[in-house]
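Peer 1: Below: one structure in structure tokens.
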Amino acid sequence: MRRRLLVVYLLMFATALVAVAVPYTAATAARDTQTVFIGQLNDTARFASLAEPALRNGESVTLQAELRRYDELFGVSAAVLDINGEVQAASRPSLSLTGERVRQRTEAGLAGERSGFDRVIWPWQDDPLVLAEPVGRGGEVIGVVVTEAPTDALRAGIIRHWALVGAAGGSALALAALAAVALTRWTLRPVRDLDAAAHRITAGDLDSRVPANTGPAELRQLTNSFNRMADTVTGTLTQQRAFVAQASHQLRTPLGVLRLRVENLGVHLRPGGQREHSRTLAETVRLSGILNSMLALARAEGGRHEVRETDAGRLVRDRVTAWEPMAAELGVRLQAGGGAPPVLAAPEALEQAVDALIDNALKYGSAGAMVLVHLTSGPDTAEIHVVDRGPGLEAPDRARATERFWRSPAHQNVTGCGLGLSVVEALMAACGGELILCAAAGGGLDARLRLRLSGGAGQPVGATPCGSPGSTAPPRDAAPPDKWSRPPADSAGAPPDAPRPARPAR
């Protein structure tokens with residue numbers, strides 16, 4: 001837009017400049033030509049007055065000398081012809097009077113017509129200026145004086161004038177360009193600020209606003225309207241997240257009490273009621289998982305996460321160690337390996353995202369299969385791969401897998417509420433990274449957490465959705481699957497105390 005405005009401003013100024021300069025340069029050429037014409041016409045008339053007695057008396061010596069001196073001084077050739085067109089005196093012996101314009105002027109002079117100003121000499125015309133003055137008295141024409149002046153000096157003077165005009169116009173255009181750049185920047189600064197604020201808000205900085213003290217009045221009004229809209233949207237979104245978080249939190253206690261009471265009812269049931277009791281208890285467990293997932297999503301979207309340099313390799317090893325007992329209980333081999341330079345991430349958010357992906361992989365991986373968690377790195381990004389050997393997802397399903405409460409038709413009977421990957425996506429957005437779901441080689445799902453390297457060039461992640469900075473094959477330095485170790489119960493990496501952690505579902 002800035003380029004287009006500059007083009008419009010400069011085009012308008014250039015048009016006005018041309019509209020002024022072209023008539024001025026044409027008038028300058030006409031003025032200079034007229035000045036030379038008048039001077040040469042006066043000289044021609046003086047020679048006509050000198051030629052009249054010479055043609056009557058036949059004495060042309062004095063006239064010949066006068067013409068020669070004039071030619072030597074001014075470089076203008078001149079000749080005196082009688083009524084029959086014969087040359088009686090000339091400024092140079094080799095003077096040629098055979099040109100078309102000379103012939104026309106001579107015939108007009110012999111007919112008693114004086115030369116008039118009938119044309120402008122332009123720089124691209126090199127023909128001489130020819131004038132003729134009849135010789136006679138009282139209407140009787142006895143001859144004609146013809147002068148022929150080169151126009152080199154005249155054309156050079158016109159070019160100099162035009163060059164000055166061009167230099168002045170170029171300087172004015174340069175000043176106009178500088179003024180146009182400043183004007184364009186002043187005009188578009190609110191637009192750039194609006195664009196930057198919109199990108200920041202899109203990236204999650206809901207407190208970003210636009211300064212409303214620069215630019216035209218109309219754009220300042222637009223800026224104020226944008227800020228008011230952002231305040232309204234931010235307030236509504238904050239209230240919505242707060243409501244979801246508070247409602248989820250408040251419902252957890254009565255739901256827990258309800259679950260205990262339903263469990264206590266088991267001893268009072270009549271024969272045949274155990275099946276309905278088990279289904280009711282399962283629904284309370286499912287509802288508890290949904291509330292926990294909603295609370296986790298609200299915290300992920302509304303929380304403040306500090307992005308800093310993080311050792312992703314150590315974080316992955318710690319999380320794999322924490323989940324190994326659960327994997328052993330399910331008969332799934334959990335393996336970690338690979339490495340990458342430090343990445344930019346919020347450690348708590350990244351840890352929760354890795355936990356959610358490992359949980360999904362264990363839930364959907366078949367017994368006896370292996371879940372591989374490893375790192376790869378490229379020039380500017382690193383990826384944490386969580387690869388399972390389960391049923392996987394088709395491409396259309398992978399595109400919808402992060403939608404809230406969406407469940408794959410093939411996984412409707414698997415426990416979960418469809419919020420797990422939505423939580424991971426929100427956590428990765430807080431880290432400045434992204435979640436990518438790809439088909440794993442040999443079947444299953446390859447869930448990738450792509451992050452920027454700490455020392456990278458700051459390139460945006462996600463340029464190629466399933467492009468891999470490194471191989472997805474098991475790393476050579478992966479830990480052997482038979483070395484399980486349960487972390488202490490009070491360690492930061494310990495799994496939940498429940499027999500099976502509550503898992504976000506795909």
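Residues in the structure tokens are numbered from 1 in each chain, the chains being A, B, ... in the order shown, and ligands are numbered from 1 in the order shown.
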Kindly assemble as CSV a list of the region 140-211 of chain A residues that lie within 12 Å of region 12-25 of chain A, each paired with its nearest atom pair and their distance in Å to one decimal, using only C-alpha atoms, sorted first by chain and then by ascending residue number.
Peer 2:
residue,atom,partner,partner_atom,distance
A:Gly157,CA,A:Thr25,CA,11.8
A:Ile158,CA,A:Thr25,CA,8.3
A:Ile159,CA,A:Thr25,CA,9.5
A:Arg160,CA,A:Thr25,CA,10.7
A:His161,CA,A:Thr25,CA,7.7
A:Trp162,CA,A:Thr25,CA,6.1
A:Ala163,CA,A:Thr25,CA,9.8
A:Leu164,CA,A:Thr25,CA,10.1
A:Val165,CA,A:Ala21,CA,7.1
A:Gly166,CA,A:Ala21,CA,8.2
A:Ala167,CA,A:Ala21,CA,11.2
A:Ala168,CA,A:Ala21,CA,9.8
A:Gly169,CA,A:Leu17,CA,6.9
A:Gly170,CA,A:Leu17,CA,9.5
A:Ser171,CA,A:Leu17,CA,11.3
A:Ala172,CA,A:Leu17,CA,8.6
A:Leu173,CA,A:Ala14,CA,7.0
A:Ala174,CA,A:Ala14,CA,10.5
A:Leu175,CA,A:Phe13,CA,10.7
A:Ala176,CA,A:Phe13,CA,7.4
A:Ala177,CA,A:Phe13,CA,9.1
A:Ala179,CA,A:Phe13,CA,11.1
A:Ala180,CA,A:Phe13,CA,9.8
Peer 1: At a cut-off of 7 Å, using only C-alpha atoms, what residues contact Met370 (chain A)? Leave out same-chain residues fewer than 6 positions from it and give the result as a compact mmCIF listing (two decimals) with all heavy atoms, in the first residue's frame.
Peer 2:
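Dumped to result-v8.txt:
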# COMPACT_ATOMS: atom_id res chain seq x y z
N VAL A 332 3.26 -52.02 27.01
CA VAL A 332 3.75 -51.22 25.89
C VAL A 332 5.18 -50.81 26.18
O VAL A 332 5.50 -50.38 27.31
CB VAL A 332 2.88 -49.96 25.66
CG1 VAL A 332 3.46 -49.11 24.55
CG2 VAL A 332 1.45 -50.36 25.34
N ARG A 333 6.05 -50.94 25.21
CA ARG A 333 7.44 -50.51 25.38
C ARG A 333 7.54 -49.01 25.09
O ARG A 333 7.15 -48.55 24.02
CB ARG A 333 8.34 -51.28 24.44
CG ARG A 333 8.44 -52.77 24.77
CD ARG A 333 9.37 -53.46 23.79
NE ARG A 333 8.86 -53.39 22.43
CZ ARG A 333 9.61 -53.57 21.34
NH1 ARG A 333 10.89 -53.83 21.46
NH2 ARG A 333 9.06 -53.51 20.14
N LEU A 334 8.07 -48.27 26.04
CA LEU A 334 8.23 -46.83 25.91
C LEU A 334 9.71 -46.54 25.78
O LEU A 334 10.51 -46.90 26.66
CB LEU A 334 7.65 -46.11 27.13
CG LEU A 334 7.63 -44.58 27.10
CD1 LEU A 334 6.81 -44.07 25.92
CD2 LEU A 334 7.08 -44.04 28.41
N ASP A 388 3.48 -43.76 17.83
CA ASP A 388 2.89 -45.02 18.30
C ASP A 388 2.68 -45.95 17.11
O ASP A 388 2.80 -45.55 15.96
CB ASP A 388 1.57 -44.78 19.05
CG ASP A 388 0.51 -44.14 18.17
OD1 ASP A 388 0.19 -44.71 17.11
OD2 ASP A 388 -0.02 -43.07 18.54
N ARG A 389 2.36 -47.19 17.38
CA ARG A 389 2.09 -48.18 16.35
C ARG A 389 0.63 -48.62 16.42
O ARG A 389 0.31 -49.78 16.18
CB ARG A 389 3.02 -49.38 16.52
CG ARG A 389 4.47 -49.08 16.20
CD ARG A 389 4.64 -48.73 14.73
NE ARG A 389 6.04 -48.45 14.39
CZ ARG A 389 6.56 -47.25 14.35
NH1 ARG A 389 5.80 -46.20 14.62
NH2 ARG A 389 7.83 -47.09 14.05
Peer 1: Pick from A:Ala439, A:Ile83, A:Asp380, A:Glu263: nearest to Asp397 (chain A), with only C-alpha atoms counted?
Peer 2: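 That would be A:Ala439, the residue with the smallest distance to Asp397 (chain A).
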Peer 1: What's around region 35-43 of chain A at 12 Å? Count only C-alpha atoms, leave out sequence neighbours fewer than 2 positions away in its own chain, and write the answer as JSON, numbers by chain.
Peer 2: {"A": [28, 29, 30, 31, 32, 33, 45, 46, 47, 48, 49, 50, 66, 67, 70, 71, 74, 75, 76, 77, 78, 114, 115, 116, 117, 118, 119, 120, 121, 128, 129, 130, 131, 132, 133, 134, 145, 146, 147, 148, 149, 150, 151, 152, 153, 154, 155, 157, 158]}
Peer 1: With distances taken over only C-alpha atoms, which residue among A:Leu110, A:Val144, A:Val233, A:Leu97 lies nearest Val80 (chain A)?
Peer 2: A:Val144
Peer 1: Can you list, as a CSV table (one decimal) with all heavy atoms, in the first residue's frame, every protein, DNA or RNA residue that comes within 12 Å of Gly139 (chain A) when you count only C-alpha atoms, leaving out same-chain residues fewer than 3 positions away?
Peer 2:
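This is the output file result08.csv:
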chain,number,residue,atom,x,y,z
A,110,LEU,N,11.0,39.0,-54.0
A,110,LEU,CA,10.9,39.6,-55.3
A,110,LEU,C,9.5,40.0,-55.6
A,110,LEU,O,9.2,40.9,-56.4
A,110,LEU,CB,11.4,38.7,-56.4
A,110,LEU,CG,12.9,38.4,-56.4
A,110,LEU,CD1,13.3,37.4,-57.4
A,110,LEU,CD2,13.7,39.7,-56.6
A,111,ALA,N,8.5,39.3,-54.9
A,111,ALA,CA,7.1,39.7,-55.1
A,111,ALA,C,6.7,40.8,-54.1
A,111,ALA,O,5.6,41.2,-54.1
A,111,ALA,CB,6.2,38.5,-54.8
A,112,GLY,N,7.7,41.3,-53.4
A,112,GLY,CA,7.4,42.4,-52.5
A,112,GLY,C,7.0,42.0,-51.1
A,112,GLY,O,6.5,42.9,-50.3
A,113,GLU,N,7.1,40.8,-50.7
A,113,GLU,CA,6.7,40.3,-49.4
A,113,GLU,C,7.9,40.2,-48.4
A,113,GLU,O,9.0,39.7,-48.8
A,113,GLU,CB,6.1,38.9,-49.4
A,113,GLU,CG,4.8,38.9,-50.3
A,113,GLU,CD,4.2,37.5,-50.3
A,113,GLU,OE1,4.8,36.6,-49.6
A,113,GLU,OE2,3.3,37.2,-51.1
A,134,PRO,N,12.7,42.6,-49.6
A,134,PRO,CA,12.7,43.2,-51.0
A,134,PRO,C,13.4,44.6,-51.0
A,134,PRO,O,13.5,45.3,-50.0
A,134,PRO,CB,11.2,43.4,-51.2
A,134,PRO,CG,10.5,43.4,-49.9
A,134,PRO,CD,11.4,42.6,-49.0
A,135,VAL,N,14.1,44.9,-52.1
A,135,VAL,CA,14.8,46.1,-52.3
A,135,VAL,C,14.0,47.0,-53.3
A,135,VAL,O,13.7,46.5,-54.4
A,135,VAL,CB,16.2,45.8,-52.9
A,135,VAL,CG1,17.0,47.1,-53.1
A,135,VAL,CG2,17.0,44.9,-51.9
A,136,GLY,N,13.7,48.1,-52.9
A,136,GLY,CA,13.0,49.0,-53.7
A,136,GLY,C,12.5,50.2,-53.0
A,136,GLY,O,12.8,50.4,-51.8
A,142,ILE,N,13.2,46.2,-57.0
A,142,ILE,CA,14.3,46.1,-58.0
A,142,ILE,C,15.2,45.0,-57.7
A,142,ILE,O,16.2,44.7,-58.4
A,142,ILE,CB,15.0,47.4,-58.2
A,142,ILE,CG1,15.7,47.8,-56.8
A,142,ILE,CG2,14.2,48.5,-58.7
A,142,ILE,CD1,16.6,49.0,-56.9
A,143,GLY,N,15.0,44.3,-56.5
A,143,GLY,CA,15.9,43.2,-56.1
A,143,GLY,C,15.4,42.7,-54.7
A,143,GLY,O,14.4,43.1,-54.2
Peer 1: List as a PyMOL selection string the protein and nucleic acid residues near Gly215 (chain A), meaning an atom at most 8 Å away when only C-alpha atoms are counted, but skip any in the same chain fewer than 2 places from it.
Peer 2: chain A and resi 186-190+213+217+219-220
Peer 1: For N, CA and C atoms, I'd like the residues from the last selection saved as a PDB file, in the first residue's frame.
Peer 2:
ATOM      1  N   TRP A 186       3.502   8.833   7.584  1.00  0.00           N
ATOM      2  CA  TRP A 186       2.591   9.413   8.586  1.00  0.00           C
ATOM      3  C   TRP A 186       1.177   8.896   8.385  1.00  0.00           C
ATOM      4  N   THR A 187       0.769   8.765   7.114  1.00  0.00           N
ATOM      5  CA  THR A 187      -0.588   8.309   6.831  1.00  0.00           C
ATOM      6  C   THR A 187      -0.773   6.845   7.186  1.00  0.00           C
ATOM      7  N   LEU A 188       0.235   6.014   6.876  1.00  0.00           N
ATOM      8  CA  LEU A 188       0.089   4.570   7.026  1.00  0.00           C
ATOM      9  C   LEU A 188       0.583   4.042   8.368  1.00  0.00           C
ATOM     10  N   ARG A 189       1.183   4.888   9.209  1.00  0.00           N
ATOM     11  CA  ARG A 189       1.663   4.396  10.492  1.00  0.00           C
ATOM     12  C   ARG A 189       0.536   3.766  11.319  1.00  0.00           C
ATOM     13  N   PRO A 190      -0.648   4.387  11.400  1.00  0.00           N
ATOM     14  CA  PRO A 190      -1.731   3.705  12.133  1.00  0.00           C
ATOM     15  C   PRO A 190      -2.116   2.369  11.513  1.00  0.00           C
ATOM     16  N   ASN A 213      -2.487   8.261  18.632  1.00  0.00           N
ATOM     17  CA  ASN A 213      -2.104   9.680  18.603  1.00  0.00           C
ATOM     18  C   ASN A 213      -1.352  10.060  17.338  1.00  0.00           C
ATOM     19  N   ALA A 217      -6.997  12.030  11.030  1.00  0.00           N
ATOM     20  CA  ALA A 217      -8.072  11.941  12.022  1.00  0.00           C
ATOM     21  C   ALA A 217      -8.938  10.708  11.788  1.00  0.00           C
ATOM     22  N   LEU A 219      -8.059   7.797  10.532  1.00  0.00           N
ATOM     23  CA  LEU A 219      -7.367   6.595  10.985  1.00  0.00           C
ATOM     24  C   LEU A 219      -7.229   6.574  12.501  1.00  0.00           C
ATOM     25  N   ARG A 220      -7.105   7.734  13.126  1.00  0.00           N
ATOM     26  CA  ARG A 220      -7.099   7.759  14.597  1.00  0.00           C
ATOM     27  C   ARG A 220      -8.439   7.277  15.149  1.00  0.00           C
TER      28      ARG A 220
END
Peer 1: Please report the interatomic distance between CA of Asn224 (chain A) and CA of Thr238 (chain A) in Å with one decimal.
Peer 2: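 Between these atoms lies a distance of 20.8 Å.
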Peer 1: With distances taken over only C-alpha atoms, which residue among A:Ala312, A:Ala322, A:Ala395, A:Ala26 lies nearest Leu449 (chain A)?
Peer 2: A:Ala312
Peer 1: Within 10 Å of Phe226 (chain A), counting only C-alpha atoms, which residues show up once you throw out same-chain ones fewer than 6 positions away? Write them as an MDAnalysis selection string, please.
Peer 2: chainID A and resid 194 197:198 209:210 212 220 232
Peer 1: Quick check, in Å to one decimal: how far apart do CA of Glu324 (chain A) and CA of Ile384 (chain A) lie?
Peer 2: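 Computed distance, CA of Glu324 (chain A) to CA of Ile384 (chain A), equals 17.5 Å.
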Peer 1: If I take CA of Arg319 (chain A) and CA of Ile358 (chain A), how far is one from the other in Å, to one decimal?
Peer 2: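 Separation between CA of Arg319 (chain A) and CA of Ile358 (chain A): 8.6 Å.
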Peer 1: Within 6 Å of region 434-438 of chain A, counting only C-alpha atoms, which residues qualify if same-chain residues fewer than 2 places away don't, as a list in words?
Peer 2: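 The filter keeps Glu425, Met428, Asp446, Ala447, Arg448, Leu449 and Arg450 of chain A.
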Peer 1: Okay, now the selection with all heavy atoms, as a compact mmCIF listing (two decimals), in the first residue's frame?
Peer 2:
# COMPACT_ATOMS: atom_id res chain seq x y z
N GLU A 425 -2.45 -28.31 21.55
CA GLU A 425 -2.32 -27.22 20.59
C GLU A 425 -2.25 -25.87 21.29
O GLU A 425 -1.44 -25.01 20.93
CB GLU A 425 -3.50 -27.25 19.62
CG GLU A 425 -3.38 -26.26 18.48
CD GLU A 425 -4.52 -26.37 17.49
OE1 GLU A 425 -5.69 -26.38 17.96
OE2 GLU A 425 -4.27 -26.45 16.29
N MET A 428 1.19 -25.52 22.91
CA MET A 428 2.25 -25.24 21.94
C MET A 428 2.16 -23.80 21.44
O MET A 428 3.17 -23.17 21.15
CB MET A 428 2.18 -26.22 20.77
CG MET A 428 2.55 -27.65 21.14
SD MET A 428 4.14 -27.74 22.01
CE MET A 428 5.22 -27.15 20.71
N ASP A 446 2.35 -40.21 14.14
CA ASP A 446 3.56 -39.50 14.52
C ASP A 446 3.14 -38.08 14.92
O ASP A 446 2.91 -37.23 14.07
CB ASP A 446 4.54 -39.47 13.34
CG ASP A 446 5.83 -38.71 13.67
OD1 ASP A 446 5.99 -38.32 14.84
OD2 ASP A 446 6.66 -38.52 12.76
N ALA A 447 3.01 -37.85 16.24
CA ALA A 447 2.65 -36.53 16.76
C ALA A 447 3.93 -35.76 17.04
O ALA A 447 4.79 -36.22 17.80
CB ALA A 447 1.81 -36.67 18.02
N ARG A 448 4.04 -34.59 16.44
CA ARG A 448 5.28 -33.80 16.54
C ARG A 448 5.02 -32.47 17.21
O ARG A 448 4.04 -31.78 16.90
CB ARG A 448 5.87 -33.56 15.15
CG ARG A 448 6.05 -34.83 14.33
CD ARG A 448 6.61 -34.50 12.96
NE ARG A 448 6.74 -35.70 12.14
CZ ARG A 448 7.28 -35.73 10.93
NH1 ARG A 448 7.73 -34.61 10.39
NH2 ARG A 448 7.36 -36.85 10.25
N LEU A 449 5.91 -32.11 18.10
CA LEU A 449 5.91 -30.78 18.71
C LEU A 449 7.09 -30.02 18.11
O LEU A 449 8.24 -30.33 18.41
CB LEU A 449 6.04 -30.88 20.23
CG LEU A 449 4.97 -31.73 20.94
CD1 LEU A 449 5.24 -31.76 22.44
CD2 LEU A 449 3.58 -31.20 20.65
N ARG A 450 6.78 -29.07 17.25
CA ARG A 450 7.85 -28.34 16.57
C ARG A 450 8.09 -27.02 17.29
O ARG A 450 7.17 -26.25 17.54
CB ARG A 450 7.47 -28.07 15.12
CG ARG A 450 8.55 -27.37 14.32
CD ARG A 450 8.21 -27.30 12.84
NE ARG A 450 8.24 -28.64 12.24
CZ ARG A 450 7.93 -28.88 10.97
NH1 ARG A 450 7.56 -27.89 10.17
NH2 ARG A 450 7.99 -30.10 10.49
Peer 1: Rank A:Gly392, A:Val141, A:Arg103, A:Met1 by their smallest atom-to-atom distance to Ala51 (chain A), using only C-alpha atoms, and report the top residue only.
Peer 2: A:Val141
Peer 1: Could you go through region 309-421 of chain A and tell me which residues DSSP, when run on the backbone, assigns to strand (DSSP E or B), listing them as a PyMOL selection string?
Peer 2: chain A and resi 309-310+333-338+343-345+370-377+381-387
Peer 1: Would you output that residue set with N, CA, C and O atoms, as a compact mmCIF listing (two decimals), in the first residue's frame?
Peer 2:
# COMPACT_ATOMS: atom_id res chain seq x y z
N GLU A 309 14.89 -20.44 27.24
CA GLU A 309 15.70 -21.56 26.74
C GLU A 309 15.45 -22.81 27.58
O GLU A 309 15.53 -22.77 28.80
N THR A 310 15.15 -23.91 26.88
CA THR A 310 14.75 -25.14 27.56
C THR A 310 15.52 -26.32 26.98
O THR A 310 15.68 -26.42 25.75
N ARG A 333 6.05 -50.94 25.21
CA ARG A 333 7.44 -50.51 25.38
C ARG A 333 7.54 -49.01 25.09
O ARG A 333 7.15 -48.55 24.02
N LEU A 334 8.07 -48.27 26.04
CA LEU A 334 8.23 -46.83 25.91
C LEU A 334 9.71 -46.54 25.78
O LEU A 334 10.51 -46.90 26.66
N GLN A 335 10.12 -45.91 24.68
CA GLN A 335 11.53 -45.74 24.37
C GLN A 335 11.81 -44.27 24.04
O GLN A 335 11.00 -43.62 23.36
N ALA A 336 12.93 -43.75 24.51
CA ALA A 336 13.32 -42.36 24.26
C ALA A 336 14.71 -42.32 23.69
O ALA A 336 15.52 -43.21 23.89
N GLY A 337 15.00 -41.25 22.99
CA GLY A 337 16.33 -41.10 22.43
C GLY A 337 16.42 -39.85 21.58
O GLY A 337 15.51 -39.03 21.51
N GLY A 338 17.53 -39.72 20.91
CA GLY A 338 17.77 -38.55 20.08
C GLY A 338 18.17 -37.36 20.92
O GLY A 338 18.24 -37.41 22.14
N VAL A 343 15.89 -25.36 23.03
CA VAL A 343 14.80 -24.76 22.27
C VAL A 343 14.19 -23.63 23.09
O VAL A 343 14.45 -23.49 24.29
N LEU A 344 13.38 -22.82 22.42
CA LEU A 344 12.63 -21.77 23.10
C LEU A 344 11.24 -22.31 23.42
O LEU A 344 10.47 -22.65 22.51
N ALA A 345 10.90 -22.41 24.70
CA ALA A 345 9.62 -22.97 25.10
C ALA A 345 9.33 -22.57 26.54
O ALA A 345 10.21 -22.10 27.26
N MET A 370 5.71 -50.66 20.51
CA MET A 370 6.64 -49.70 21.10
C MET A 370 6.15 -48.29 20.82
O MET A 370 5.68 -47.98 19.72
N VAL A 371 6.23 -47.43 21.81
CA VAL A 371 5.98 -45.99 21.65
C VAL A 371 7.33 -45.29 21.71
O VAL A 371 8.06 -45.42 22.70
N LEU A 372 7.66 -44.61 20.64
CA LEU A 372 8.97 -43.98 20.52
C LEU A 372 8.84 -42.48 20.75
O LEU A 372 8.03 -41.80 20.12
N VAL A 373 9.61 -41.96 21.67
CA VAL A 373 9.65 -40.52 21.96
C VAL A 373 11.09 -40.07 21.73
O VAL A 373 11.99 -40.46 22.48
N HIS A 374 11.32 -39.28 20.69
CA HIS A 374 12.69 -38.85 20.43
C HIS A 374 12.69 -37.48 19.79
O HIS A 374 11.65 -36.96 19.37
N LEU A 375 13.89 -36.89 19.72
CA LEU A 375 14.06 -35.53 19.21
C LEU A 375 14.84 -35.55 17.92
O LEU A 375 15.74 -36.37 17.74
N THR A 376 14.50 -34.63 17.03
CA THR A 376 15.28 -34.35 15.82
C THR A 376 15.42 -32.84 15.70
O THR A 376 14.65 -32.09 16.28
N SER A 377 16.40 -32.40 14.96
CA SER A 377 16.61 -30.95 14.82
C SER A 377 17.02 -30.62 13.40
O SER A 377 17.59 -31.45 12.68
N THR A 381 14.75 -25.24 13.67
CA THR A 381 13.70 -25.82 14.51
C THR A 381 14.11 -27.19 15.01
O THR A 381 15.00 -27.84 14.45
N ALA A 382 13.46 -27.61 16.06
CA ALA A 382 13.60 -28.97 16.59
C ALA A 382 12.21 -29.55 16.77
O ALA A 382 11.22 -28.81 16.93
N GLU A 383 12.14 -30.88 16.73
CA GLU A 383 10.85 -31.55 16.86
C GLU A 383 10.94 -32.66 17.91
O GLU A 383 11.93 -33.39 17.97
N ILE A 384 9.90 -32.75 18.72
CA ILE A 384 9.73 -33.88 19.64
C ILE A 384 8.70 -34.81 19.01
O ILE A 384 7.54 -34.43 18.84
N HIS A 385 9.13 -36.02 18.65
CA HIS A 385 8.25 -36.99 18.02
C HIS A 385 7.73 -37.96 19.07
O HIS A 385 8.49 -38.51 19.86
N VAL A 386 6.43 -38.16 19.06
CA VAL A 386 5.81 -39.23 19.86
C VAL A 386 5.12 -40.14 18.86
O VAL A 386 4.06 -39.81 18.32
N VAL A 387 5.74 -41.30 18.60
CA VAL A 387 5.30 -42.19 17.54
C VAL A 387 4.74 -43.46 18.17
O VAL A 387 5.42 -44.12 18.97
Peer 1: Which one of A:Glu52, A:Arg398, A:Leu6, A:Gly339 sits closest to Leu178 (chain A) if you count only C-alpha atoms?
Peer 2: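 The answer is A:Leu6, which sits nearest to Leu178 (chain A).
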